[in-house]
file entry10.txt (compact mmCIF, C-alpha atoms)
# COMPACT_ATOMS: atom_id res chain seq x y z
CA MET A 729 66.47 -34.21 -2.82
CA LEU A 730 65.32 -31.82 -0.08
CA PRO A 731 64.24 -33.06 3.37
CA ILE A 732 60.57 -33.91 3.74
CA THR A 733 58.44 -31.31 5.52
CA LYS A 734 57.11 -32.49 8.88
CA HIS A 735 53.42 -32.05 9.64
CA ILE A 736 51.53 -32.15 12.91
CA SER A 737 48.62 -33.55 10.94
CA ALA A 738 48.63 -32.55 7.29
CA ALA A 739 45.07 -33.61 6.54
CA THR A 740 43.57 -32.00 9.66
CA LEU A 741 45.53 -28.79 9.25
CA ALA A 742 44.68 -28.62 5.56
CA LEU A 743 40.97 -28.85 6.25
CA THR A 744 41.29 -26.22 9.00
CA LEU A 745 43.01 -23.89 6.59
CA LEU A 746 40.30 -24.58 4.04
CA GLY A 747 37.77 -22.83 6.26
CA VAL A 748 39.97 -19.73 6.27
CA GLY A 749 40.66 -20.01 2.54
CA GLN A 750 37.00 -20.20 1.59
CA GLN A 751 36.39 -16.80 3.19
CA SER A 752 38.98 -15.20 0.91
CA LEU A 753 38.20 -16.93 -2.38
CA ALA A 754 36.43 -13.84 -3.73
CA GLN A 755 39.77 -12.03 -3.45
CA ASP A 756 41.54 -14.50 -5.76
CA LYS A 757 41.30 -12.19 -8.74
CA PHE A 758 43.48 -12.57 -11.79
CA ILE A 759 44.28 -10.21 -14.64
CA LEU A 760 45.25 -11.30 -18.15
CA GLN A 761 46.88 -8.76 -20.46
CA GLY A 762 47.81 -10.05 -23.90
CA GLN A 763 49.35 -8.62 -27.04
CA TRP A 764 49.48 -10.31 -30.47
CA ASP A 765 49.88 -9.30 -34.06
CA LYS A 766 46.79 -7.42 -35.33
CA LYS A 767 46.16 -10.28 -37.76
CA VAL A 768 44.63 -12.29 -34.91
CA ASN A 769 41.57 -10.04 -34.82
CA ASN A 770 39.66 -12.72 -36.73
CA LYS A 771 40.14 -14.98 -33.72
CA ALA A 772 38.69 -15.14 -30.23
CA VAL A 773 40.37 -16.31 -27.05
CA VAL A 774 38.88 -19.19 -25.06
CA LEU A 775 39.96 -19.56 -21.44
CA ARG A 776 39.22 -22.74 -19.45
CA TYR A 777 39.95 -22.70 -15.72
CA LYS A 778 38.50 -23.37 -12.26
CA ASP A 779 36.30 -20.64 -10.84
CA GLN A 780 36.15 -19.53 -7.19
CA ASN A 781 34.01 -22.58 -6.38
CA GLY A 782 36.46 -25.03 -7.92
CA LYS A 783 34.14 -25.67 -10.88
CA GLU A 784 35.31 -25.88 -14.48
CA ARG A 785 34.54 -22.68 -16.35
CA GLN A 786 34.99 -21.59 -19.96
CA ASP A 787 35.05 -17.93 -21.02
CA THR A 788 35.22 -16.61 -24.58
CA LEU A 789 37.17 -13.36 -24.69
CA ALA A 790 37.26 -10.72 -27.41
CA LEU A 791 40.41 -9.18 -28.85
CA LYS A 792 40.74 -5.51 -29.78
CA LYS A 793 43.57 -4.68 -32.19
CA GLY A 794 45.38 -7.79 -31.07
CA ARG A 795 45.06 -6.86 -27.40
CA LEU A 796 43.45 -8.76 -24.55
CA ASN A 797 42.43 -7.29 -21.20
CA TYR A 798 40.46 -9.58 -18.91
CA GLN A 799 39.81 -9.96 -15.20
CA GLY A 800 38.30 -12.96 -13.46
CA THR A 801 38.14 -14.85 -10.18
CA THR A 802 39.61 -18.24 -9.42
CA ALA A 803 40.40 -20.38 -6.39
CA TYR A 804 43.86 -21.58 -5.41
CA GLY A 805 46.35 -22.32 -8.18
CA ASN A 806 44.98 -24.48 -10.98
CA ARG A 807 45.84 -25.78 -14.41
CA ALA A 808 44.22 -23.60 -17.07
CA TYR A 809 44.08 -23.67 -20.86
CA ILE A 810 44.01 -20.70 -23.21
CA SER A 811 43.39 -21.05 -26.96
CA PHE A 812 42.63 -19.23 -30.17
CA ILE A 813 39.47 -20.06 -32.13
CA PRO A 814 38.47 -18.55 -35.50
CA THR A 815 35.50 -16.19 -35.55
CA ALA A 816 35.00 -15.74 -39.30
CA LYS A 817 32.59 -18.06 -41.07
CA GLY A 818 34.14 -20.84 -43.10
CA GLN A 819 37.42 -20.81 -41.21
CA PRO A 820 38.59 -24.31 -40.23
CA ALA A 821 38.83 -25.26 -36.57
CA ILE A 822 42.36 -25.07 -35.21
CA ASN A 823 44.20 -26.74 -32.36
CA ASP A 824 46.12 -23.73 -31.10
CA TYR A 825 46.29 -23.68 -27.30
CA GLN A 826 48.63 -23.57 -24.34
CA GLN A 827 48.45 -24.88 -20.79
CA PHE A 828 49.47 -22.58 -17.96
CA TYR A 829 48.90 -22.17 -14.22
CA LEU A 830 46.31 -19.67 -13.07
CA GLU A 831 46.17 -18.11 -9.62
CA LYS A 832 45.67 -14.74 -7.99
CA GLY A 833 47.80 -12.15 -9.75
CA LYS A 834 48.64 -10.45 -13.03
CA TYR A 835 49.71 -12.21 -16.25
CA THR A 836 51.21 -10.93 -19.47
CA ILE A 837 50.86 -12.87 -22.71
CA GLN A 838 53.05 -11.97 -25.67
CA GLY A 839 52.75 -13.64 -29.08
CA ASP A 840 52.58 -13.25 -32.84
CA THR A 841 49.67 -15.12 -34.45
CA SER A 842 49.81 -18.33 -32.38
CA MET A 843 48.69 -19.11 -28.85
CA ALA A 844 50.76 -22.27 -28.59
CA THR A 845 54.02 -20.34 -28.96
CA ALA A 846 53.04 -17.26 -26.93
CA GLN A 847 55.01 -16.41 -23.78
CA ILE A 848 52.90 -16.41 -20.61
CA LYS A 849 54.48 -14.81 -17.56
CA GLY A 850 53.19 -13.67 -14.21
CA THR A 851 52.83 -15.54 -10.96
CA GLN A 852 54.94 -18.01 -8.98
CA ALA A 853 52.68 -20.87 -10.09
CA GLN A 854 53.38 -20.10 -13.75
CA SER A 855 57.11 -19.88 -13.07
CA ASP A 856 56.92 -23.28 -11.36
CA HIS A 857 55.04 -24.66 -14.37
CA LEU A 858 57.71 -23.46 -16.80
CA GLN A 859 60.42 -24.98 -14.62
CA TYR A 860 58.51 -28.27 -14.42
CA GLU A 861 58.18 -28.38 -18.20
CA GLU A 862 61.90 -27.78 -18.53
CA MET A 863 62.81 -30.53 -16.04
CA VAL A 864 60.22 -33.20 -16.84
CA GLY A 865 58.87 -32.16 -20.23
CA LYS A 866 62.12 -32.63 -22.14
CA PRO A 867 62.75 -36.29 -21.22
CA HIS A 868 59.03 -36.97 -21.55
CA LYS A 869 59.10 -35.86 -25.19
CA VAL A 870 61.98 -38.28 -25.80
CA TYR A 871 59.95 -41.02 -24.10
CA GLN A 872 56.92 -40.31 -26.30
CA LYS A 873 59.06 -40.44 -29.44
CA LEU A 874 60.51 -43.82 -28.43
CA ALA A 875 57.04 -45.09 -27.54
CA ARG A 876 55.82 -44.25 -31.05
CA GLU A 877 58.85 -46.02 -32.53
CA PHE A 878 58.10 -49.05 -30.38
CA MET A 879 54.49 -49.21 -31.54
CA ASP A 880 55.67 -48.90 -35.16
CA ALA A 881 58.16 -51.75 -34.66
CA ARG A 882 55.46 -53.87 -33.02
CA SER A 883 53.08 -53.29 -35.94
CA LYS A 884 55.85 -54.58 -38.24
CA LYS A 885 56.52 -57.52 -35.88
CA ASP A 886 60.13 -56.36 -35.61
CA SER A 887 61.16 -58.10 -32.37
CA THR A 888 64.79 -56.97 -32.65
CA GLY A 889 63.75 -53.36 -33.09
CA MET A 890 61.32 -53.62 -30.17
CA ALA A 891 64.05 -55.00 -27.90
CA ASP A 892 66.46 -52.22 -28.91
CA ILE A 893 63.86 -49.52 -28.23
CA GLN A 894 63.00 -51.03 -24.83
CA LYS A 895 66.66 -50.73 -23.85
CA LYS A 896 66.59 -47.04 -24.81
CA ILE A 897 63.28 -46.39 -23.03
CA ALA A 898 64.38 -47.69 -19.61
CA PRO A 899 66.96 -44.95 -18.83
CA VAL A 900 64.66 -42.23 -20.22
CA TYR A 901 61.86 -43.41 -17.94
CA GLN A 902 64.26 -43.37 -14.99
CA GLU A 903 65.26 -39.82 -15.91
CA ILE A 904 61.62 -38.74 -15.95
CA GLU A 905 61.03 -40.26 -12.51
CA SER A 906 64.21 -38.67 -11.15
CA GLN A 907 63.30 -35.21 -12.43
CA LEU A 908 59.71 -35.62 -11.25
CA ASP A 909 60.84 -36.45 -7.72
CA ALA A 910 63.38 -33.62 -7.74
CA PHE A 911 60.66 -31.14 -8.64
CA ILE A 912 58.12 -32.43 -6.11
CA PHE A 913 60.51 -32.47 -3.15
CA GLY A 914 62.09 -29.21 -4.25
CA HIS A 915 58.73 -27.36 -4.47
CA PRO A 916 56.61 -28.53 -1.50
CA ASP A 917 54.47 -25.36 -1.53
CA SER A 918 53.74 -25.42 -5.26
CA TRP A 919 50.39 -26.03 -6.95
CA VAL A 920 52.34 -27.65 -9.77
CA ALA A 921 53.96 -30.13 -7.37
CA LEU A 922 50.51 -30.97 -5.97
CA ASP A 923 49.24 -31.80 -9.46
CA ALA A 924 52.44 -33.74 -10.21
CA VAL A 925 51.81 -35.97 -7.19
CA ASN A 926 48.12 -36.35 -7.96
CA ASP A 927 48.73 -37.15 -11.64
CA ASN A 928 51.76 -39.42 -11.34
CA LYS A 929 51.82 -41.05 -7.90
CA THR A 930 48.23 -42.11 -7.21
CA MET A 931 47.39 -44.76 -9.80
CA VAL A 932 48.10 -47.44 -7.19
CA ILE A 933 48.83 -46.01 -3.75
CA ASP A 934 51.10 -48.03 -1.49
CA PRO A 935 51.18 -45.97 1.74
CA VAL A 936 54.80 -46.94 2.43
CA VAL A 937 55.86 -45.53 -0.95
CA PHE A 938 53.35 -42.68 -1.16
CA ASP A 939 53.65 -41.23 2.35
CA PRO A 940 56.87 -39.24 1.69
CA TYR A 941 55.25 -37.54 -1.30
CA TYR A 942 52.12 -36.67 0.65
CA LYS A 943 54.03 -35.36 3.66
CA ALA A 944 56.25 -33.26 1.39
CA LEU A 945 53.27 -31.12 0.35
CA SER A 946 52.54 -28.00 2.40
CA PRO A 947 49.28 -27.49 4.32
CA ARG A 948 48.50 -24.60 1.97
CA VAL A 949 48.34 -26.74 -1.16
CA LEU A 950 46.64 -29.62 0.68
CA ALA A 951 43.85 -27.18 1.61
CA SER A 952 42.89 -26.75 -2.05
CA TYR A 953 40.21 -28.69 -3.89
CA THR A 954 42.83 -30.95 -5.47
CA GLY A 955 44.55 -31.31 -2.11
CA GLN A 956 41.33 -32.43 -0.46
CA LEU A 957 40.76 -35.04 -3.18
CA LEU A 958 44.33 -36.26 -2.75
CA THR A 959 43.80 -36.63 1.00
CA GLN A 960 40.60 -38.59 0.38
CA LYS A 961 42.42 -40.93 -2.04
CA TYR A 962 45.18 -41.51 0.48
CA ASP A 963 42.79 -42.15 3.37
CA LYS A 964 40.99 -44.79 1.30
CA ALA A 965 44.24 -46.44 0.22
CA LYS A 966 45.39 -46.67 3.84
CA GLN A 967 42.59 -49.15 4.46
CA LEU A 968 44.54 -51.64 2.32
CA SER A 969 47.77 -51.15 4.27
CA ILE A 970 49.63 -54.15 5.67
CA GLY A 971 48.33 -54.76 9.19
CA LYS A 972 44.78 -53.59 8.45
CA SER A 973 41.80 -55.93 8.74
CA MET A 974 39.71 -56.48 5.63
CA ASP A 975 36.14 -57.65 5.17
CA PHE A 976 33.36 -57.09 2.67
CA THR A 977 30.14 -58.60 1.39
CA LEU A 978 29.41 -58.80 -2.35
CA PRO A 979 27.20 -60.96 -4.57
CA ASP A 980 28.92 -63.98 -6.10
CA GLN A 981 28.50 -65.08 -9.73
CA HIS A 982 25.21 -66.75 -8.77
CA GLY A 983 23.82 -63.63 -7.08
CA ASN A 984 24.28 -64.95 -3.55
CA PRO A 985 25.90 -62.73 -0.88
CA PHE A 986 29.48 -63.69 -0.03
CA SER A 987 31.49 -62.31 2.89
CA LEU A 988 35.27 -62.53 3.10
CA SER A 989 34.95 -63.25 6.82
CA SER A 990 33.35 -66.60 5.91
CA LEU A 991 36.86 -67.76 4.97
CA LYS A 992 38.42 -66.93 8.35
CA GLY A 993 40.93 -69.61 9.20
CA LYS A 994 42.36 -69.53 5.67
CA TYR A 995 44.96 -67.41 3.93
CA VAL A 996 43.10 -65.60 1.13
CA LEU A 997 44.40 -63.68 -1.87
CA VAL A 998 41.82 -61.00 -2.69
CA ASP A 999 42.32 -60.17 -6.37
CA PHE A 1000 40.84 -57.08 -8.07
CA TRP A 1001 40.51 -57.73 -11.81
CA ALA A 1002 38.24 -57.43 -14.87
CA SER A 1003 37.67 -59.34 -18.10
CA TRP A 1004 38.88 -56.38 -20.22
CA CYS A 1005 42.10 -55.94 -18.24
CA VAL A 1006 44.90 -57.55 -20.27
CA PRO A 1007 47.51 -57.47 -17.43
CA CYS A 1008 44.94 -59.05 -15.10
CA ARG A 1009 44.25 -61.88 -17.51
CA ALA A 1010 47.99 -62.42 -17.96
CA GLU A 1011 48.31 -63.05 -14.21
CA ASN A 1012 45.55 -65.66 -14.08
CA PRO A 1013 47.73 -68.64 -15.15
CA HIS A 1014 50.18 -67.78 -12.34
CA LEU A 1015 47.35 -67.49 -9.80
CA LEU A 1016 45.92 -70.81 -11.00
CA LYS A 1017 49.29 -72.45 -10.41
CA ALA A 1018 49.40 -71.04 -6.87
CA TYR A 1019 45.82 -72.08 -6.18
CA ASN A 1020 46.34 -75.69 -7.28
CA LYS A 1021 49.60 -75.93 -5.36
CA LEU A 1022 48.39 -74.42 -2.07
CA LYS A 1023 44.62 -74.94 -1.87
CA ASP A 1024 45.03 -77.97 0.42
CA ARG A 1025 47.22 -76.00 2.80
CA GLY A 1026 44.60 -73.49 3.91
CA PHE A 1027 44.91 -71.12 0.94
CA ASP A 1028 42.11 -69.67 -1.22
CA ILE A 1029 41.53 -66.90 -3.74
CA VAL A 1030 38.60 -64.50 -4.07
CA GLY A 1031 38.33 -62.64 -7.37
CA ILE A 1032 36.60 -59.25 -7.25
CA SER A 1033 35.42 -58.39 -10.75
CA LEU A 1034 35.26 -54.74 -11.75
CA ASP A 1035 33.31 -55.62 -14.88
CA ASP A 1036 30.00 -53.96 -15.67
CA THR A 1037 28.70 -56.81 -17.84
CA LYS A 1038 27.99 -60.22 -16.32
CA GLU A 1039 28.35 -62.04 -19.63
CA ASN A 1040 31.92 -60.74 -20.14
CA TRP A 1041 32.83 -61.46 -16.52
CA LEU A 1042 31.66 -65.07 -16.53
CA HIS A 1043 33.03 -65.74 -20.01
CA ALA A 1044 36.51 -64.70 -18.79
CA VAL A 1045 36.16 -66.86 -15.67
CA LYS A 1046 35.41 -69.88 -17.84
CA ALA A 1047 38.01 -69.07 -20.50
CA ASP A 1048 40.80 -68.65 -17.95
CA GLY A 1049 39.71 -71.66 -15.90
CA MET A 1050 39.42 -69.88 -12.56
CA PRO A 1051 37.94 -72.30 -10.02
CA TRP A 1052 38.01 -69.94 -7.05
CA ILE A 1053 35.26 -67.75 -5.63
CA GLN A 1054 34.19 -64.84 -7.84
CA VAL A 1055 32.25 -61.80 -6.64
CA GLY A 1056 31.19 -58.48 -8.15
CA ASP A 1057 28.32 -56.00 -8.33
CA LEU A 1058 28.76 -55.14 -12.04
CA LYS A 1059 29.40 -51.44 -11.41
CA GLY A 1060 32.95 -51.26 -12.74
CA PHE A 1061 35.14 -48.80 -10.86
CA LYS A 1062 31.97 -47.41 -9.27
CA SER A 1063 31.64 -50.68 -7.39
CA GLU A 1064 31.06 -50.10 -3.68
CA ILE A 1065 34.26 -51.90 -2.77
CA ALA A 1066 36.35 -50.08 -5.40
CA VAL A 1067 35.10 -46.73 -4.13
CA ARG A 1068 35.65 -47.74 -0.50
CA TYR A 1069 39.27 -48.74 -1.02
CA GLY A 1070 40.09 -46.17 -3.70
CA ILE A 1071 40.76 -48.75 -6.42
CA THR A 1072 41.28 -46.83 -9.66
CA ALA A 1073 43.66 -49.21 -11.45
CA ILE A 1074 44.02 -52.98 -11.79
CA PRO A 1075 45.41 -55.57 -11.33
CA GLN A 1076 45.75 -55.21 -7.58
CA ASN A 1077 45.61 -57.82 -4.84
CA VAL A 1078 46.12 -58.27 -1.11
CA LEU A 1079 46.89 -61.40 0.91
CA VAL A 1080 45.05 -61.71 4.22
CA ASP A 1081 45.98 -64.12 6.99
CA ARG A 1082 43.75 -66.54 8.91
CA GLN A 1083 42.33 -63.63 10.96
CA GLY A 1084 41.56 -61.47 7.93
CA VAL A 1085 44.55 -59.14 8.39
CA ILE A 1086 46.48 -57.94 5.34
CA ILE A 1087 50.03 -59.32 5.32
CA ALA A 1088 51.14 -58.67 1.71
CA LYS A 1089 50.11 -56.71 -1.38
CA ASN A 1090 50.32 -56.97 -5.15
CA LEU A 1091 51.87 -60.42 -5.44
CA ARG A 1092 52.43 -61.18 -9.12
CA GLY A 1093 54.48 -63.03 -11.68
CA GLU A 1094 55.60 -66.53 -12.52
CA LYS A 1095 56.88 -67.17 -8.99
CA VAL A 1096 53.81 -65.87 -7.17
CA ASP A 1097 53.20 -69.37 -5.81
CA GLU A 1098 56.63 -69.32 -4.15
CA GLU A 1099 56.00 -65.86 -2.70
CA ILE A 1100 52.68 -66.93 -1.23
CA GLU A 1101 54.11 -70.20 0.07
CA LYS A 1102 56.71 -68.29 2.09
CA LEU A 1103 53.95 -66.25 3.73
CA ILE A 1104 51.72 -69.18 4.65
CA LYS A 1105 52.46 -70.68 8.07

call {"tool": "encode", "arguments": {"input": "entry10.txt", "output": "structure tokens"}}
result
Amino acid sequence: MLPITKHISAATLALTLLGVGQQSLAQDKFILQGQWDKKVNNKAVVLRYKDQNGKERQDTLALKKGRLNYQGTTAYGNRAYISFIPTAKGQPAINDYQQFYLEKGKYTIQGDTSMATAQIKGTQAQSDHLQYEEMVGKPHKVYQKLAREFMDARSKKDSTGMADIQKKIAPVYQEIESQLDAFIFGHPDSWVALDAVNDNKTMVIDPVVFDPYYKALSPRVLASYTGQLLTQKYDKAKQLSIGKSMDFTLPDQHGNPFSLSSLKGKYVLVDFWASWCVPCRAENPHLLKAYNKLKDRGFDIVGISLDDTKENWLHAVKADGMPWIQVGDLKGFKSEIAVRYGITAIPQNVLVDRQGVIIAKNLRGEKVDEEIEKLIK
């Protein structure tokens, strides 16, 4: 694993570079030159990519004697998709496409009658993409195969088969993570590495864990549209770091405003959950055990529902027997508090001390009561 790149201030520098980059976006021209068998003349090429403004764009391109010549303008390096579609009437729709990385430069596409199997060569971003697919794609295909086998075994209620497959999945998953990290830290200036971090490391951002990945990325890639979004996600997640103060006001299940600060003087577990979230519901019996055990020792729980239907929310509260305070604005992940703290996946929770300062995060499992008890003074 290569050493992590040091930044004076990655976010600030990235945004500074963005101002320079925006002036040159019109120069980010790309050229696609393709050659296929002449039999593909009854097909058209559809290209989906980000234009110079970072907006999704779809172009339909004509072929002449199996040849494609096309020029366009994009911004930064971005994931693009190129596909064949039939043009003759009565032809069935096909799923013949390929993902590649588009940036400033010239590309050559060579194929027979299929887009999925065509060779796309050209820029550094595309070379990085092919390397990433070689490193991470291979074990991921094995993982997907085992996942399908697991689901099949579960449908047959084959517990022995499920257990055997789980044993096989664990090392494959570890291999995926290892190769993913090797690629990210080995390609800090790559658009592909930026997407790999954004896609795989941001579901739940713990700044202690995430910071090395963020700092590994170069100011150039952080200046892009995806880089800016990644910085925004990280800045929001930092607000839930250990040592940060937390407060909010949301309507409770009766419609009355509730503020976390009203519980100052208590240790409070703030739990983000929803009625539809199976892992969240599975944690509720453990939280109930902790609540009953510690409620007389200055401990409380506040559940923040990310439901969008009050009936479902309150039905789950009753069904799971949750006696603690419940709040929510019925906006799902568009809830003001979810947006503020960058909550895009649940369950998540934080434990705040008597002064409202976060002292622990994501406490779960059968022994959560023991974990909380150790933290309460």

call {"tool": "residues_around", "arguments": {"input": "entry10.txt", "residues": "Asp1057 in chain A", "least_positions_apart": "4", "cutoff": "9 Å", "atoms": "all atoms listed in the file", "output": "list in words"}}
result
Leu978, Pro979, Asp980, Gly983, Ile1032, Ser1033, Leu1034, Asp1035, Asp1036, Ser1063 and Glu1064 of chain A

call {"tool": "atom_distance", "arguments": {"input": "entry10.txt", "atom1": "CA of Ser811 in chain A", "atom2": "CA of Thr841 in chain A"}}
result
11.4 Å

call {"tool": "closest_residue", "arguments": {"input": "entry10.txt", "among": "A:Gln1076, A:Thr888, A:Gln761, A:Gln1054", "to": "Gln981 in chain A", "atoms": "all atoms listed in the file"}}
result
A:Gln1054

call {"tool": "closest_residue", "arguments": {"input": "entry10.txt", "among": "A:Lys1095, A:Lys943, A:Leu988, A:Phe758", "to": "Lys1021 in chain A", "atoms": "all atoms listed in the file"}}
result
A:Lys1095

call {"tool": "residues_around", "arguments": {"input": "entry10.txt", "residues": "range 1005-1008 of chain A", "least_positions_apart": "3", "cutoff": "7 Å", "atoms": "all atoms listed in the file", "output": "JSON, numbers by chain"}}
result
{"A": [1001, 1002, 1011, 1012, 1074, 1075]}

call {"tool": "atom_distance", "arguments": {"input": "entry10.txt", "atom1": "CA of Val900 in chain A", "atom2": "CA of Leu874 in chain A"}}
result
9.3 Å

call {"tool": "closest_atom_pairs", "arguments": {"input": "entry10.txt", "of": "range 938-999 of chain A", "to": "range 1025-1029 of chain A", "cutoff": "10 Å", "atoms": "only C-alpha atoms", "output": "Markdown table"}}
result
| residue | atom | partner | partner_atom | distance |
| --- | --- | --- | --- | --- |
| A:Leu991 | CA | A:Asp1028 | CA | 8.3 |
| A:Gly993 | CA | A:Gly1026 | CA | 7.5 |
| A:Lys994 | CA | A:Gly1026 | CA | 4.9 |
| A:Tyr995 | CA | A:Phe1027 | CA | 4.8 |
| A:Val996 | CA | A:Asp1028 | CA | 4.8 |
| A:Leu997 | CA | A:Ile1029 | CA | 4.7 |
| A:Val998 | CA | A:Ile1029 | CA | 6.0 |
| A:Asp999 | CA | A:Ile1029 | CA | 7.3 |

call {"tool": "closest_atom_pairs", "arguments": {"input": "entry10.txt", "of": "range 1009-1103 of chain A", "to": "range 951-962 of chain A", "cutoff": "10 Å", "atoms": "all atoms listed in the file", "output": "CSV"}}
result
residue,atom,partner,partner_atom,distance
A:Val1067,CA,A:Lys961,CA,9.6
A:Arg1068,CA,A:Lys961,CA,9.7
A:Tyr1069,CA,A:Lys961,CA,8.5
A:Gly1070,CA,A:Lys961,CA,6.0
A:Ile1071,CA,A:Lys961,CA,9.1
A:Thr1072,CA,A:Lys961,CA,9.7

call {"tool": "atom_distance", "arguments": {"input": "entry10.txt", "atom1": "CA of Ala821 in chain A", "atom2": "CA of Asp927 in chain A"}}
result
29.3 Å

call {"tool": "closest_residue", "arguments": {"input": "entry10.txt", "among": "A:Ala816, A:Met974, A:Leu1015, A:Leu791", "to": "Lys766 in chain A", "atoms": "all atoms listed in the file"}}
result
A:Leu791

call {"tool": "closest_residue", "arguments": {"input": "entry10.txt", "among": "A:Phe911, A:Phe812, A:Phe878, A:Trp919", "to": "Gln852 in chain A", "atoms": "all atoms listed in the file"}}
result
A:Trp919
